[in-house]
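A.B. asks: One file is attached below, start_34.cif, containing mmCIF, C-alpha atoms and all ligand atoms.
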```cif
data_structure
loop_
_atom_site.label_atom_id
_atom_site.label_comp_id
_atom_site.auth_asym_id
_atom_site.auth_seq_id
_atom_site.Cartn_x
_atom_site.Cartn_y
_atom_site.Cartn_z
CA MET Q 1 -1.04 -22.61 27.64
CA GLY Q 2 -0.53 -22.21 23.93
CA SER Q 3 2.73 -20.75 22.73
CA TRP Q 4 4.42 -20.38 19.36
CA PHE Q 5 6.68 -23.30 20.28
CA SER Q 6 3.70 -25.65 20.21
CA LYS Q 7 3.00 -25.15 16.50
CA LYS Q 8 5.50 -26.45 13.98
CA SER Q 9 4.94 -23.76 11.35
CA ARG Q 10 4.83 -20.76 13.73
CA ASP Q 11 8.05 -19.17 14.83
CA PRO Q 12 8.81 -16.43 17.33
CA PRO Q 13 8.08 -13.14 15.50
CA ASP Q 14 11.63 -11.83 16.03
CA SER Q 15 13.30 -15.04 14.86
CA PHE Q 16 15.11 -15.11 11.53
CA ASP Q 17 13.12 -18.26 10.95
CA SER Q 18 9.80 -16.39 10.86
CA LEU Q 19 7.80 -14.94 7.98
CA MET Q 20 7.64 -11.19 7.40
CA GLU Q 21 4.22 -9.51 7.27
CA THR Q 22 4.74 -8.49 3.63
CA GLY Q 23 7.22 -9.72 1.06
CA TRP Q 24 10.15 -7.57 -0.10
CA CYS Q 25 9.23 -8.22 -3.70
CA ASP Q 26 5.70 -8.21 -5.01
CA ILE Q 27 4.83 -11.15 -7.25
CA PRO Q 28 1.27 -10.82 -8.61
CA TRP Q 29 0.06 -14.26 -7.50
CA SER Q 30 -3.59 -13.93 -8.34
CA ARG Q 31 -3.28 -15.17 -11.91
CA ASP Q 32 -5.40 -18.16 -12.90
CA THR Q 33 -3.13 -19.07 -15.76
CA LEU Q 34 0.51 -18.60 -16.64
CA GLU Q 35 -0.37 -18.09 -20.30
CA LYS Q 36 -0.32 -14.30 -19.94
CA PRO Q 37 3.27 -13.88 -18.67
CA LYS Q 38 4.43 -16.57 -21.10
CA GLU Q 39 2.67 -14.81 -23.97
CA THR Q 40 4.22 -11.47 -22.97
CA LEU Q 41 7.68 -13.03 -23.15
CA ARG Q 42 6.92 -14.83 -26.42
CA ALA Q 43 5.83 -11.53 -27.97
CA LEU Q 44 8.75 -9.50 -26.66
CA GLN Q 45 10.42 -7.45 -29.40
CA PRO Q 46 14.06 -6.42 -28.97
CA LYS Q 47 14.10 -2.61 -29.03
CA HIS Q 48 16.96 -2.39 -31.51
CA PRO Q 49 16.60 -3.13 -35.23
CA ASP Q 50 19.88 -5.13 -35.40
CA VAL Q 51 19.11 -7.35 -32.44
CA GLU Q 52 17.58 -10.70 -33.33
CA HIS Q 53 17.28 -11.94 -29.74
CA LEU Q 54 18.06 -10.63 -26.26
CA ARG Q 55 21.15 -12.27 -24.83
CA ILE Q 56 21.54 -13.20 -21.17
CA LEU Q 57 24.69 -14.67 -19.62
CA VAL Q 58 24.54 -16.75 -16.44
CA ILE Q 59 27.66 -16.95 -14.30
CA GLY Q 60 28.45 -17.95 -10.73
CA PRO Q 61 30.10 -20.55 -8.51
CA VAL Q 62 30.38 -24.17 -9.61
CA GLY Q 63 27.17 -26.09 -8.95
CA ALA Q 64 25.14 -22.93 -8.26
CA GLY Q 65 22.30 -23.99 -10.54
CA LYS Q 66 23.16 -21.99 -13.68
CA SER Q 67 22.37 -24.83 -16.08
CA SER Q 68 19.37 -25.83 -13.97
CA PHE Q 69 17.95 -22.32 -14.38
CA ILE Q 70 18.24 -22.67 -18.17
CA HIS Q 71 16.67 -26.12 -17.98
CA SER Q 72 13.83 -24.74 -15.85
CA ILE Q 73 13.02 -21.99 -18.37
CA ASP Q 74 13.10 -24.55 -21.18
CA SER Q 75 10.71 -26.82 -19.26
CA ILE Q 76 8.24 -23.99 -18.57
CA PHE Q 77 7.98 -22.99 -22.23
CA GLN Q 78 7.81 -26.62 -23.41
CA ASN Q 79 5.13 -27.23 -20.76
CA LYS Q 80 6.86 -30.39 -19.55
CA ILE Q 81 9.98 -31.29 -17.58
CA MET Q 82 12.77 -31.55 -20.13
CA ASN Q 83 15.69 -33.95 -19.94
CA ALA Q 84 18.47 -32.17 -18.05
CA SER Q 85 21.11 -34.90 -17.95
CA TYR Q 86 23.21 -33.40 -20.75
CA ARG Q 87 23.66 -30.06 -19.02
CA VAL Q 88 23.07 -30.34 -15.26
CA ALA Q 89 25.66 -31.62 -12.77
CA THR Q 90 25.08 -34.72 -10.73
CA ASP Q 91 28.16 -34.34 -8.53
CA GLN Q 92 30.23 -31.52 -7.04
CA ARG Q 93 32.64 -30.99 -9.95
CA SER Q 94 32.18 -28.28 -12.55
CA PHE Q 95 29.97 -29.81 -15.18
CA THR Q 96 29.72 -27.10 -17.83
CA ASN Q 97 33.10 -26.43 -19.43
CA THR Q 98 32.23 -25.10 -22.87
CA PHE Q 99 30.47 -21.92 -23.89
CA THR Q 100 26.96 -22.88 -24.94
CA THR Q 101 24.15 -20.61 -26.02
CA TYR Q 102 20.69 -22.04 -25.48
CA THR Q 103 17.77 -21.04 -27.64
CA PHE Q 104 14.19 -21.71 -26.57
CA GLN Q 105 10.99 -22.73 -28.27
CA ASP Q 106 7.39 -22.80 -27.19
CA GLU Q 107 5.21 -25.91 -27.48
CA SER Q 108 4.38 -25.06 -31.10
CA GLY Q 109 8.05 -24.90 -32.04
CA ASN Q 110 8.22 -21.08 -32.32
CA ARG Q 111 11.59 -19.57 -31.40
CA LEU Q 112 11.48 -17.28 -28.36
CA PRO Q 113 13.10 -13.83 -28.59
CA PHE Q 114 15.91 -14.52 -26.12
CA VAL Q 115 18.94 -16.78 -25.66
CA ILE Q 116 20.91 -17.70 -22.53
CA GLY Q 117 24.66 -18.28 -22.53
CA ASP Q 118 25.97 -20.91 -20.10
CA VAL Q 119 29.60 -20.94 -18.96
CA MET Q 120 31.96 -22.89 -16.73
CA GLY Q 121 31.47 -22.17 -13.02
CA LEU Q 122 33.76 -19.91 -10.97
CA GLU Q 123 35.98 -21.48 -8.30
CA ASN Q 124 37.91 -20.13 -5.31
CA GLU Q 125 41.41 -20.67 -6.69
CA ASP Q 126 42.84 -18.55 -9.51
CA ASP Q 127 43.91 -21.57 -11.55
CA SER Q 128 40.58 -23.39 -11.54
CA GLY Q 129 37.07 -22.76 -12.80
CA ALA Q 130 36.21 -20.15 -15.43
CA ASN Q 131 38.88 -17.54 -16.08
CA THR Q 132 37.37 -14.14 -15.20
CA GLU Q 133 38.86 -12.59 -18.34
CA ASP Q 134 36.93 -15.15 -20.39
CA ILE Q 135 33.72 -14.05 -18.71
CA VAL Q 136 34.58 -10.46 -19.63
CA ASN Q 137 35.34 -11.69 -23.19
CA ALA Q 138 31.91 -13.34 -23.24
CA LEU Q 139 30.27 -10.09 -22.09
CA LYS Q 140 31.86 -8.32 -25.07
CA GLY Q 141 30.76 -11.06 -27.48
CA HIS Q 142 34.31 -12.32 -28.13
CA ILE Q 143 33.69 -15.98 -27.20
CA LYS Q 144 32.50 -18.25 -29.99
CA GLU Q 145 30.02 -21.06 -29.53
CA ASN Q 146 31.48 -24.34 -28.12
CA TYR Q 147 34.70 -22.65 -26.95
CA THR Q 148 36.28 -24.87 -24.26
CA PHE Q 149 37.25 -22.83 -21.22
CA ASN Q 150 40.84 -22.94 -20.01
CA SER Q 151 41.16 -21.90 -16.37
CA VAL Q 152 44.76 -20.71 -16.68
CA LYS Q 153 44.66 -18.98 -20.08
CA ALA Q 154 41.95 -16.66 -21.32
CA CYS Q 155 40.82 -16.78 -24.95
CA SER Q 156 42.79 -14.27 -27.04
CA VAL Q 157 42.82 -12.79 -30.56
CA ASN Q 158 44.74 -15.66 -32.22
CA ASP Q 159 42.58 -18.34 -30.66
CA PRO Q 160 40.08 -19.99 -33.09
CA GLY Q 161 37.42 -19.57 -30.40
CA TYR Q 162 37.86 -15.77 -30.40
CA ASN Q 163 35.34 -13.64 -32.23
CA SER Q 164 37.21 -10.49 -33.24
CA ASN Q 165 34.19 -8.67 -34.68
CA PRO Q 166 31.24 -9.19 -32.37
CA THR Q 167 27.93 -7.59 -33.32
CA LEU Q 168 25.44 -6.23 -30.80
CA ASN Q 169 23.66 -9.58 -31.20
CA ASP Q 170 26.76 -11.42 -29.88
CA LYS Q 171 27.20 -9.10 -26.89
CA VAL Q 172 25.58 -9.79 -23.55
CA HIS Q 173 22.56 -7.60 -22.79
CA CYS Q 174 22.02 -8.63 -19.16
CA LEU Q 175 24.42 -10.41 -16.80
CA VAL Q 176 22.95 -12.83 -14.25
CA PHE Q 177 24.96 -13.97 -11.24
CA VAL Q 178 23.61 -17.31 -10.01
CA ILE Q 179 24.46 -18.02 -6.37
CA PRO Q 180 23.08 -20.75 -4.11
CA ILE Q 181 21.45 -19.42 -0.94
CA ASP Q 182 23.47 -21.87 1.17
CA ASN Q 183 26.50 -19.66 0.48
CA PHE Q 184 25.12 -17.50 3.28
CA ALA Q 185 24.35 -18.39 6.91
CA ASN Q 186 22.27 -16.91 9.71
CA HIS Q 187 23.99 -16.71 13.06
CA ALA Q 188 22.40 -13.67 14.62
CA LYS Q 189 18.89 -12.28 14.68
CA GLU Q 190 19.44 -9.39 12.33
CA ARG Q 191 22.09 -10.37 9.84
CA ALA Q 192 23.48 -13.20 7.77
CA THR Q 193 27.11 -13.93 7.00
CA VAL Q 194 28.75 -14.76 3.69
CA LEU Q 195 30.30 -18.23 3.45
CA MET Q 196 31.88 -17.68 0.04
CA HIS Q 197 35.66 -17.60 -0.24
CA ASP Q 198 37.14 -14.05 -0.45
CA ASN Q 199 38.77 -14.86 -3.78
CA LEU Q 200 35.47 -16.01 -5.27
CA ILE Q 201 33.84 -12.76 -4.15
CA ARG Q 202 36.74 -10.79 -5.62
CA LYS Q 203 36.30 -12.58 -8.96
CA MET Q 204 32.59 -11.77 -9.04
CA GLN Q 205 33.22 -8.14 -8.04
CA HIS Q 206 35.79 -7.84 -10.84
CA ILE Q 207 33.29 -9.17 -13.40
CA ARG Q 208 30.57 -6.89 -12.02
CA ARG Q 209 32.78 -3.80 -12.39
CA LYS Q 210 33.63 -4.76 -15.99
CA ALA Q 211 29.91 -5.25 -16.75
CA ARG Q 212 29.15 -1.87 -15.17
CA ASP Q 213 31.83 -0.21 -17.34
CA LEU Q 214 30.13 -1.79 -20.38
CA ARG Q 215 26.81 -0.47 -18.99
CA ILE Q 216 25.36 -3.99 -18.84
CA ARG Q 217 22.72 -4.37 -16.12
CA GLN Q 218 23.45 -7.09 -13.56
CA VAL Q 219 21.10 -9.13 -11.43
CA ILE Q 220 21.58 -11.90 -8.90
CA ILE Q 221 19.51 -15.06 -8.74
CA LEU Q 222 19.68 -16.85 -5.39
CA THR Q 223 18.93 -20.54 -6.02
CA LYS Q 224 18.13 -23.56 -3.87
CA VAL Q 225 15.75 -21.55 -1.68
CA ASP Q 226 13.72 -24.77 -1.29
CA LEU Q 227 16.48 -26.21 0.90
CA ASP Q 228 16.91 -23.17 3.06
CA CYS Q 229 13.68 -22.31 4.81
CA HIS Q 230 10.93 -24.67 5.94
CA HIS Q 231 8.32 -22.00 5.09
CA VAL Q 232 9.51 -22.14 1.48
CA THR Q 233 9.66 -25.93 1.49
CA GLU Q 234 6.00 -25.75 2.58
CA GLY Q 235 5.16 -23.32 -0.23
CA ILE Q 236 7.27 -21.31 -2.68
CA ARG Q 237 4.78 -18.41 -2.35
CA ASN Q 238 6.45 -17.63 0.99
CA VAL Q 239 9.81 -17.06 -0.63
CA TYR Q 240 9.96 -13.25 -0.44
CA ARG Q 241 8.46 -13.27 3.07
CA SER Q 242 11.09 -15.51 4.67
CA LYS Q 243 13.13 -13.45 7.13
CA ASN Q 244 15.98 -15.93 6.91
CA ILE Q 245 16.22 -15.61 3.11
CA HIS Q 246 15.74 -11.84 3.29
CA GLN Q 247 18.75 -11.50 5.59
CA LYS Q 248 20.81 -13.63 3.23
CA ALA Q 249 19.75 -11.49 0.26
CA GLU Q 250 20.89 -8.41 2.19
CA ALA Q 251 24.26 -10.03 2.94
CA CYS Q 252 24.60 -10.94 -0.73
CA SER Q 253 23.73 -7.41 -1.84
CA LYS Q 254 26.40 -5.99 0.45
CA ALA Q 255 29.06 -8.53 -0.60
CA LEU Q 256 28.62 -7.98 -4.33
CA GLY Q 257 27.47 -4.36 -4.39
CA ILE Q 258 24.24 -5.14 -6.23
CA PRO Q 259 21.04 -3.55 -4.84
CA LYS Q 260 18.53 -5.85 -3.19
CA SER Q 261 15.94 -4.76 -5.76
CA ASP Q 262 18.06 -6.58 -8.37
CA ILE Q 263 18.23 -9.82 -6.37
CA PHE Q 264 15.73 -12.55 -7.25
CA LEU Q 265 14.93 -15.84 -5.59
CA VAL Q 266 14.25 -19.03 -7.50
CA CYS Q 267 13.78 -22.70 -6.98
CA ASN Q 268 14.87 -24.50 -10.13
CA TYR Q 269 13.41 -27.68 -11.46
CA HIS Q 270 15.94 -30.26 -10.40
CA ASN Q 271 14.43 -33.54 -9.17
CA ASP Q 272 10.87 -32.74 -10.21
CA LYS Q 273 8.68 -35.05 -12.22
CA GLN Q 274 6.09 -32.42 -13.10
CA LEU Q 275 5.68 -28.67 -13.40
CA ASN Q 276 4.36 -26.59 -10.52
CA SER Q 277 2.53 -23.35 -11.33
CA ASP Q 278 3.85 -21.41 -8.29
CA LYS Q 279 7.43 -22.38 -9.11
CA ASP Q 280 6.81 -21.40 -12.74
CA GLU Q 281 5.46 -18.04 -11.64
CA VAL Q 282 8.55 -17.23 -9.56
CA LEU Q 283 10.83 -18.25 -12.44
CA LEU Q 284 8.80 -16.31 -15.04
CA PHE Q 285 8.71 -13.23 -12.80
CA THR Q 286 12.52 -13.37 -12.57
CA LEU Q 287 12.99 -13.95 -16.29
CA THR Q 288 10.66 -11.04 -17.12
CA GLN Q 289 12.73 -8.61 -15.02
CA ILE Q 290 15.95 -9.87 -16.59
CA LEU Q 291 14.60 -9.49 -20.13
CA ASN Q 292 13.28 -6.00 -19.36
CA TYR Q 293 16.81 -4.99 -18.33
CA ALA Q 294 18.24 -6.64 -21.46
CA ASN Q 295 15.78 -4.73 -23.62
CA GLU Q 296 16.62 -1.45 -21.88
CA PHE Q 297 20.27 -2.10 -22.70
CA VAL Q 298 19.64 -2.58 -26.43
CA GLU Q 299 17.21 0.35 -26.46
CA ASP Q 300 19.95 2.58 -25.02
CA ARG Q 301 22.28 1.42 -27.83
CA ARG Q 302 19.56 2.29 -30.36
CA LYS Q 303 19.05 5.72 -28.83
CA SER Q 304 22.76 6.49 -28.98
CA MET Q 305 22.80 5.23 -32.60
CA ASP Q 306 19.88 7.59 -33.38
CA THR Q 307 21.76 10.46 -31.73
CA ASP Q 308 24.87 9.71 -33.80
CA ILE Q 309 22.80 9.67 -37.00
CA THR Q 310 21.12 12.96 -36.03
CA PHE Q 311 24.49 14.59 -35.36
CA ALA Q 312 25.93 13.20 -38.61
CA GLY Q 313 22.86 14.50 -40.49
CA ARG Q 314 23.17 17.91 -38.89
CA GLY Q 315 26.85 17.94 -39.77
CA LYS Q 316 26.05 17.39 -43.47
CA ASN Q 317 23.32 20.02 -43.69
CA SER Q 318 24.78 22.51 -41.32
CA ASP Q 319 25.36 26.05 -42.36
CA PRO Q 320 29.04 26.30 -43.43
CA ARG Q 321 29.37 29.78 -41.95
N1 LIG Q 401 17.40 -28.15 -4.23
C1 LIG Q 401 17.81 -27.51 -5.33
N2 LIG Q 401 18.79 -28.07 -6.08
C2 LIG Q 401 19.17 -27.40 -7.20
C3 LIG Q 401 18.58 -26.15 -7.60
N3 LIG Q 401 19.20 -25.74 -8.72
C4 LIG Q 401 20.13 -26.67 -9.02
N4 LIG Q 401 20.12 -27.68 -8.12
C5 LIG Q 401 21.01 -28.85 -8.08
O1 LIG Q 401 22.36 -28.39 -7.95
C6 LIG Q 401 23.25 -29.18 -8.73
C7 LIG Q 401 24.09 -28.30 -9.65
O2 LIG Q 401 23.24 -27.73 -10.62
P1 LIG Q 401 23.77 -27.22 -12.05
O3 LIG Q 401 22.61 -26.56 -12.71
O4 LIG Q 401 24.48 -28.27 -12.79
O5 LIG Q 401 24.80 -26.11 -11.56
P2 LIG Q 401 25.80 -25.26 -12.48
O6 LIG Q 401 25.87 -23.90 -11.85
O7 LIG Q 401 25.39 -25.29 -13.90
O8 LIG Q 401 27.16 -26.06 -12.24
P3 LIG Q 401 28.54 -26.06 -13.13
O9 LIG Q 401 28.18 -26.18 -14.56
O10 LIG Q 401 29.26 -27.24 -12.61
O11 LIG Q 401 29.23 -24.78 -12.79
C8 LIG Q 401 22.40 -30.20 -9.48
O12 LIG Q 401 22.47 -31.43 -8.79
C9 LIG Q 401 20.98 -29.64 -9.40
O13 LIG Q 401 20.01 -30.64 -9.40
C10 LIG Q 401 17.52 -25.61 -6.77
O14 LIG Q 401 16.95 -24.53 -7.00
N5 LIG Q 401 17.18 -26.35 -5.65
MG MG Q 402 26.41 -25.89 -15.57
#
```
Let me see the structure of the file written as structure tokens.

C.D. replies:
Amino acid sequence: MGSWFSKKSRDPPDSFDSLMETGWCDIPWSRDTLEKPKETLRALQPKHPDVEHLRILVIGPVGAGKSSFIHSIDSIFQNKIMNASYRVATDQRSFTNTFTTYTFQDESGNRLPFVIGDVMGLENEDDSGANTEDIVNALKGHIKENYTFNSVKACSVNDPGYNSNPTLNDKVHCLVFVIPIDNFANHAKERATVLMHDNLIRKMQHIRRKARDLRIRQVIILTKVDLDCHHVTEGIRNVYRSKNIHQKAEACSKALGIPKSDIFLVCNYHNDKQLNSDKDEVLLFTLTQILNYANEFVEDRRKSMDTDITFAGRGKNSDPR
């Protein structure tokens, strides 16, 4: 008698290891070519006259895949796997320890309209990893390029690495938390648990609240999904249908207070020798949502600038009576 146990890729329908009927996020897979989404991003115009490029900041635990995400985006636009050795970790220690802003080019050498800031990873203890106040400084545009992070002392006004007069161009327009999916575990049928240290969660919640106060949109990227679910190892197109990953995304949403609709799943290029169009599509889908949020942020600044000018104009011409 045939049963679901007899087939390797079929799981009991109520198991967290099964695939959901429909995905919780709709990636338009039917494209023949990735040129269209790439072209849309190449042609993106920041919706504020003073903004040269949209600025994203990636933060998250040490070894989460922050630098690998940047490397993956670079590889997609260069149409080849780029050398990652100068920015991606090969062991468990924090690899990135300076503030670096990456710019991107397409194959023809044209600059793309966005940059991504990479920072030191967050750690459980208060005296190690990136200092949360430095991340807040980076959100506000106060951290200069190549600043070396100091876990126990945040950058301050007298520090040469402190930018006292940041422009809108220096400020972060969208904050991206990068968290590896193996920071969550499934034990029960209907829910996943968080394996991250309480202090690490507190640090991320603190940064999230500061970003919210600055009205910066925040998203989460869950990385390393290729290691987490055999359905995804078989094909990245299953990523938003995996029940296991879905439960972990829900646990993550609850832990950090970010809606599931702002959580994205990616598999970075890490040990790959060549590009894969499905992987590219998932990464480009994620990047597009992030840049849309970044552009909404700068558009809001432009609208409030327009309102200020209108009020100032009215003030000048207003009837003195
Ligand atoms: N399987 C898998 N491995 C990944 C993925 N993303 C990153 N890695 C690996 O995870 C390790 C850490 O990646 P990094 O990109 O250096 O992580 P990071 O967040 O920049 O780390 P720090 O700079 O140390 O904070 C590297 O060995 C990567 O190859 C992924 O999506 N899947
Ligand atoms: Mg790094």

A.B. asks: Taking only C-alpha atoms into account, name the residue in Q:Tyr102, Q:Trp29, Q:Phe177, Q:Tyr147 that is nearest to Ala64 (chain Q).

C.D. replies: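 Using only C-alpha atoms, the shortest distance to Ala64 (chain Q) belongs to Q:Phe177.
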
A.B. asks: Enumerate as an NGL selection string the residues within 6 Å of ligand MG 402 (chain Q), counting only C-alpha atoms and all ligand atoms.

C.D. replies: :Q and (66-67 or 88 or 95-96)

A.B. asks: For Val282 (chain Q), which residue out of Q:Asn238, Q:Asn244, Q:Gln205, Q:Thr100 is the nearest one, using only C-alpha atoms?

C.D. replies: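 Using only C-alpha atoms, Val282 (chain Q) sits closest to Q:Asn238.
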
A.B. asks: Which is closest to Asn97 (chain Q) among Q:Leu227, Q:Met120, Q:Leu44, Q:Leu195, if we use only C-alpha atoms?

C.D. replies: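 Of all the options, Q:Met120 lies closest to Asn97 (chain Q).
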
A.B. asks: Could you tell me how far CA of Val157 (chain Q) sits from CA of Lys144 (chain Q), in Å to one decimal place?

C.D. replies: 11.7 Å

A.B. asks: Can you list, as a PDB file with C-alpha atoms, in the frame of the given file, every protein, DNA or RNA residue that comes within 10 Å of Arg215 (chain Q) when you count only C-alpha atoms, leaving out same-chain residues fewer than 6 positions away?

C.D. replies:
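So the final result, stored in out31.pdb, reads:
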```pdb
ATOM      1  CA  HIS Q 173      22.560  -7.600 -22.790  1.00  0.00           C
ATOM      2  CA  CYS Q 174      22.020  -8.630 -19.160  1.00  0.00           C
ATOM      3  CA  ARG Q 209      32.780  -3.800 -12.390  1.00  0.00           C
ATOM      4  CA  PHE Q 297      20.270  -2.100 -22.700  1.00  0.00           C
ATOM      5  CA  ASP Q 300      19.950   2.580 -25.020  1.00  0.00           C
TER       6      ASP Q 300
END
```

A.B. asks: Between CA of Arg208 (chain Q) and CA of Thr307 (chain Q), what is the distance, to one decimal in Å?

C.D. replies: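 Pair CA of Arg208 (chain Q) / CA of Thr307 (chain Q) returns 27.7 Å.
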
A.B. asks: When distances are computed from all atoms listed in the file, which of Q:Ile179, Q:Ala294, Q:Ile245, Q:Leu34 shows the smallest separation from Ala192 (chain Q)?

C.D. replies: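 Ranked by minimum distance to Ala192 (chain Q), first place goes to Q:Ile245.
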
A.B. asks: Grab the CA of Asn137 (chain Q) to atom C2 of ligand LIG 401 (chain Q) distance for me, in Å with one decimal place.

C.D. replies: 27.6 Å

A.B. asks: Given all atoms listed in the file as the basis, pick out the residue of Q:Cys155, Q:Leu256, Q:Ile181, Q:Leu168 nearest to Gly63 (chain Q).

C.D. replies: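 Result for the nearest residue to Gly63 (chain Q): Q:Ile181.
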
A.B. asks: Under the rule that all atoms listed in the file are counted, which of Q:Ala185, Q:Ala43, Q:Ile73, Q:Val58 is the nearest residue to Ile207 (chain Q)?

C.D. replies: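 Using all atoms listed in the file, the shortest distance to Ile207 (chain Q) belongs to Q:Val58.
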
A.B. asks: Do you know which residues are at most 12 Å from region 159-164 of chain Q counting all atoms listed in the file, after dropping those on the same chain fewer than 3 positions away, and could you put them as an MDAnalysis selection string?

C.D. replies: chainID Q and resid 98:99 134 137:150 153:156 167 170:171
